[in-house]
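Peer 1: Here it is, the structure in full.
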Amino acid sequence: MSEFQTLEQTSINVGLIGGSAGSVIAVVALIVIIVVIIVVRRRRKTPQSSPSTGNELSHKKDDVSVYENPSFLNIQTGTGTKASKSSTSQHDRDREIKITNQDSETYYNLGPELQKGSIPLSSFWDYVQEHFLDETYFAEEFEKLPSGPQLPMTVAQRSDHRNKNRYKQLYPYDVNRVLLNPMSNDDSDYINASFVDGYSGPKMYIAAQGTTKDNINDFWRMMWQYDVEKIVMLTGLFEGGKHKCELYWPGEKGQRSSFGNISVRLLDTDVFADYDMRILEMSVGNKSKRLTQFHYTAWPDKGVPKAASSIVQFWRSVNRVPTKTPIVVHCSAGIGRTGTYLALDYLATQAKAEGVVNVLACVSNLRRQRVNLVQTKEQYIFLHETLVEALMLSGTATSSENFPHVYNELMNVDAESGKIKLQLEYERVQNEVVSHENVYATIKMEEEDGEESDSKHDEFSVAKKYENRVKNRYSNILPADRHRVYLSTHVPGRNDYINAVIIPSHRQKMGFILTQMPLTDTIIDFWRMVNDHEIRTLLMFNSESSKINDIGIYWPTNGEVRFGQFSIRLANQERHKHFVERTLTFSVIGDKATRSIKQFQFTKWNETADIPGNTESFLQLIDAVDKWQKEREAKPVVVHCINGAERSGLYCVISTVIERLNVERDVAITQTIKRIRAIRQQIIPNYEQFQFCYECVLQYIKMFETYSNF
């Protein structure tokens, strides 16, 4: 029972019998016993120790967990608790207050805002949906946040520290800046980094700017001094032609780089579609420490990620690696993306512990620890999307061992709605807030360097150009500018456009190229794309005898065919039970080099059916394609159907889910759908395909569990 709750509501009825002194004594004794029990329980229940910060004793006078008067550290418990009358200093009244829940032993660092305006988790979905429809609500709420410096930042602005700051005015506050131990050749204790409190304890994070040539050695001093075990990097080294962060790790596995007296070696790298994970070892003399860097690579140079599921899955991957020391989180300025990530982690933890979400209060809290964390309106809006994804929308993948049980449960009828639970899950995915257009239409996209760009830009502008309209089979299935495939092979009279998008797999940023069946006039562009990206695998989900008009047959039925400067020869054709496998020899006329390309045409999908004939045939196709890809160490798979979405999208989803299953030993169907839908919205257009994804994965697990460590 919490210390701040009233004692159990046990009514003590004491009969007043003739003013008996014995009864009074009994009551007093009972009260004394209760008080003793409470005191003992309070002494036993102490907060968990906060993450170590390495050298707290050496900076006792400047302990950054003690603040000078920041208002966000005041708290009203609603229990009538008052400060001691003997405490007269403003510092004592305003200093950090720790509250411990006796059941969870959770540390709370709450401001007065958290006592009002909190949204119950059960209502958060409706709250976000309602205000996304408003279009301006969250943008207006953003304006209520404390903006600009909230506390002194004099140390950062000293003349000898100016070259250690990447951007003007974006400095750490004096009160909670990270202090470096002076060195014999450098007596400065300054780095542009701030301690930030987490929900579960103080100084859980270090929010830092990206490294520069002038502070890269200081960055590693900080890593070593505070025993950092995890780095979260949210920027590219270069974005939009601008230098955002200095390379602070060795580029090759096994390579060492020196930063002052600290040597850093890259032990291993694991590459995924949206992030890289690096294992690093830092050494001083004969002492070494290991740390893991999580580098998110899918944040665009302008705006925010298209799919909230991408950053949420990254966040979950980071949290799977335990640590007892501060987590260093940085982007370029250590303000916008950094703040968004910190707020996601804080709020998701709070929601799990308390069952409420208060974004405005959390970001206000963060901004009083580092200036303008969650810097732009768009980031503030995106934060709400990430929380919906993390808390409400199947944000957690299912272990492969548990998946059959989960699927069986989803096939039961929901008592309240009378629908199959899997159907309800599909409806939730359909209704998810994934579109940025309406809510971002009234704001400008701002970057940490102060630049702005118009968010009203039509994301399909190239596809809608007059000269490109005739290249689109359907006017409503178009590639977004940021995801489209660019053609570079020169052909007179042709531009760089093709109706095709780049789709990530689990590990590859360019796992698939999703495109429509060529029109007769775009066959040449199809082969330009194959040439540009060194394609080895073509996957076809429609019949060449389709009733649809203008089917561009892009391969020879026998012998050789030429399209512009490209020669394609049919080397072999083999009919399997569920697909046709063609081997094509591709070359550029005038070039002696040739390339062997496999085309797999799936034949077990009736033209009028929503799904393939059975899961076995689909899995056999995936297996055949996978074997060929591995044999040739192939580039992206080109996947096409008539419209480049409905059938080919199903393949991309199931193939990616199975790839992840083999790597992570979990199943993430809805997350994968949402990631791909952010690029090609029309994939998985019906419940039948959604269920087929589940059935395929279930069949795959059953087929291979004997041979795999599922």
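Going through the structure tokens in order, the chains are called A, B, and so on, while each chain numbers its residues from 1 and the ligands are numbered from 1 in the order shown.
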As number ranges by chain, please: every residue in region 336-504 of chain A that a backbone DSSP assignment puts in alpha helix (DSSP H).
Peer 2: A: 336-354, 359-367, 377-392, 403-410, 421-431, 437-440, 466-469
Peer 1: Please produce, as a Markdown table, a per-residue contact table for region 520-571 of chain A versus region 486-498 of chain A (criterion: any atom at most 10 Å away, only C-alpha atoms considered), showing the nearest atom pair and its distance in Å to one decimal, sorted by chain then residue number.
Peer 2:
| residue | atom | partner | partner_atom | distance |
| --- | --- | --- | --- | --- |
| A:Thr522 | CA | A:Ile498 | CA | 7.8 |
| A:Ile524 | CA | A:Val491 | CA | 8.6 |
| A:Asp525 | CA | A:Ile498 | CA | 6.5 |
| A:Phe526 | CA | A:Ile498 | CA | 7.5 |
| A:Trp527 | CA | A:Thr489 | CA | 9.5 |
| A:Arg528 | CA | A:Thr489 | CA | 5.8 |
| A:Met529 | CA | A:Leu487 | CA | 6.0 |
| A:Val530 | CA | A:Leu487 | CA | 9.5 |
| A:Asn531 | CA | A:Thr489 | CA | 7.6 |
| A:Asp532 | CA | A:Thr489 | CA | 6.4 |
| A:His533 | CA | A:Leu487 | CA | 9.2 |
| A:Gly564 | CA | A:Val491 | CA | 7.8 |
| A:Gln565 | CA | A:Val491 | CA | 8.4 |
Peer 1: Can I get the selected residues back with C-alpha atoms, as a PDB file, in the first residue's frame?
Peer 2:
ATOM      1  CA  THR A 522       7.160   1.533 -70.076  1.00  0.00           C
ATOM      2  CA  ILE A 524      12.067   0.144 -71.619  1.00  0.00           C
ATOM      3  CA  ASP A 525      11.891   1.897 -68.225  1.00  0.00           C
ATOM      4  CA  PHE A 526      11.391  -1.458 -66.486  1.00  0.00           C
ATOM      5  CA  TRP A 527      14.660  -2.755 -67.978  1.00  0.00           C
ATOM      6  CA  ARG A 528      16.431   0.517 -67.204  1.00  0.00           C
ATOM      7  CA  MET A 529      15.481  -0.098 -63.560  1.00  0.00           C
ATOM      8  CA  VAL A 530      16.753  -3.691 -63.724  1.00  0.00           C
ATOM      9  CA  ASN A 531      20.027  -2.440 -65.179  1.00  0.00           C
ATOM     10  CA  ASP A 532      20.477   0.439 -62.711  1.00  0.00           C
ATOM     11  CA  HIS A 533      20.008  -1.727 -59.622  1.00  0.00           C
ATOM     12  CA  GLY A 564      16.186  -0.086 -76.727  1.00  0.00           C
ATOM     13  CA  GLN A 565      19.803  -0.902 -75.853  1.00  0.00           C
TER      14      GLN A 565
END
Peer 1: In Å, how far is it from CA of His640 (chain A) to CA of Thr608 (chain A)?
Peer 2: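 Atom-to-atom, CA of His640 (chain A) to CA of Thr608 (chain A), that is 17.1 Å.
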Peer 1: With only C-alpha atoms as the counted atoms, please give the residues lying no more than 8 Å from region 257-270 of chain A, apart from itself and same-chain residues fewer than 4 positions off, as a list in words.
Peer 2: Ile216, Asn217, Trp220, Arg221, Trp249, Pro250, Gly251, Glu252, Lys253, Asp276, Met277, Arg278, Ile279, Leu280, Glu281, Met282, Ser283 and Val284 of chain A
Peer 1: CA of Ser655 (chain A) and CA of Val388 (chain A) are how many Å apart?
Peer 2: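 These atoms are spaced 26.1 Å apart.
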Peer 1: Rank nothing, just name the residue among A:Pro146, A:Pro202, A:Gly254, A:Gly334 nearest to Tyr171 (chain A), using only C-alpha atoms.
Peer 2: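 The shortest atom-to-atom distance to Tyr171 (chain A) comes from A:Gly334.
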Peer 1: Would you mind listing what lies within 8 Å of Phe314 (chain A) as JSON, numbers by chain, with only C-alpha atoms counted and same-chain residues fewer than 6 positions away left out?
Peer 2: {"A": [274, 275, 296]}
Peer 1: Report as a tab-separated table: every residue of region 152-176 of chain A with an atom at most 10 Å from region 207-210 of chain A, its closest pair of atoms, and their distance in Å to one decimal, counting only C-alpha atoms, with rows sorted by chain and ascending residue number.
Peer 2:
residue	atom	partner	partner_atom	distance
A:Lys164	CA	A:Gln209	CA	9.8
A:Asn165	CA	A:Gln209	CA	8.0
A:Arg166	CA	A:Gln209	CA	7.2
A:Tyr167	CA	A:Gln209	CA	9.0
A:Leu170	CA	A:Gln209	CA	9.0
A:Tyr171	CA	A:Gln209	CA	9.1
A:Pro172	CA	A:Ala208	CA	8.7
Peer 1: Dump C-alpha atoms for the selected residues as a compact mmCIF listing (two decimals), in the first residue's frame?
Peer 2:
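Printed below is selection.txt as written:
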# COMPACT_ATOMS: atom_id res chain seq x y z
CA LYS A 164 32.62 23.00 -28.50
CA ASN A 165 29.02 23.92 -29.36
CA ARG A 166 27.62 22.90 -32.73
CA TYR A 167 24.77 25.44 -32.77
CA LEU A 170 21.47 25.35 -27.96
CA TYR A 171 23.42 24.88 -24.76
CA PRO A 172 23.14 22.80 -21.56
Peer 1: Find the residues around region 589-600 of chain A up to 7 Å (only C-alpha atoms counted), leave out those fewer than 6 positions away in its own chain, and share them as a list in words.
Peer 2: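 Contacts, in chain order: Arg536, Thr537, Leu538, Leu539, Met540, Gln565, Phe566, Ser567, Phe579, Val580, Glu581, Arg582 and Thr583 of chain A.
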Peer 1: Of the candidates A:Asp521, A:Glu140, A:Glu385, A:Glu631, which one gets nearest to Ile553 (chain A) if we count only C-alpha atoms?
Peer 2: A:Asp521
Peer 1: For Pro685 (chain A), which residue out of A:Ser648, A:Ser188, A:Thr656, A:Asn614 is the nearest one, using only C-alpha atoms?
Peer 2: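 Nearest to Pro685 (chain A): A:Ser648.
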Peer 1: List as number ranges by chain the protein and nucleic acid residues near His576 (chain A), meaning an atom at most 12 Å away when only C-alpha atoms are counted, but skip any in the same chain fewer than 5 places from it.
Peer 2: A: 581-582, 600-604, 617, 620-621, 624
Peer 1: Contacts of region 516-519 of chain A at 8 Å or less, counting only C-alpha atoms, minus same-chain residues fewer than 2 places along, as number ranges by chain?
Peer 2: A: 471, 473, 499-500, 514, 521-523, 526, 550-554, 640-645
Peer 1: Quick one: write out the picked residues with C-alpha atoms as a PDB file, in the first residue's frame?
Peer 2:
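Listing of result29.pdb after writing:
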ATOM      1  CA  LYS A 471       3.175   5.964 -67.196  1.00  0.00           C
ATOM      2  CA  ARG A 473      -1.569   2.319 -64.750  1.00  0.00           C
ATOM      3  CA  ASN A 499       5.956   3.889 -61.078  1.00  0.00           C
ATOM      4  CA  ALA A 500       7.985   1.918 -58.544  1.00  0.00           C
ATOM      5  CA  LEU A 514       7.461  -2.806 -55.765  1.00  0.00           C
ATOM      6  CA  ASP A 521       5.319   2.009 -73.390  1.00  0.00           C
ATOM      7  CA  THR A 522       7.160   1.533 -70.076  1.00  0.00           C
ATOM      8  CA  ILE A 523       8.910  -1.792 -70.772  1.00  0.00           C
ATOM      9  CA  PHE A 526      11.391  -1.458 -66.486  1.00  0.00           C
ATOM     10  CA  ASP A 550      -2.086  -2.851 -72.099  1.00  0.00           C
ATOM     11  CA  ILE A 551      -0.023  -5.674 -70.634  1.00  0.00           C
ATOM     12  CA  GLY A 552       3.628  -5.135 -71.447  1.00  0.00           C
ATOM     13  CA  ILE A 553       5.247  -8.547 -71.965  1.00  0.00           C
ATOM     14  CA  TYR A 554       8.840  -7.726 -71.124  1.00  0.00           C
ATOM     15  CA  HIS A 640       5.086  -6.771 -59.467  1.00  0.00           C
ATOM     16  CA  CYS A 641       1.422  -7.429 -60.052  1.00  0.00           C
ATOM     17  CA  ILE A 642      -1.070  -5.541 -62.183  1.00  0.00           C
ATOM     18  CA  ASN A 643      -1.266  -2.482 -59.908  1.00  0.00           C
ATOM     19  CA  GLY A 644       1.991  -2.865 -57.984  1.00  0.00           C
ATOM     20  CA  ALA A 645       0.317  -3.058 -54.594  1.00  0.00           C
TER      21      ALA A 645
END
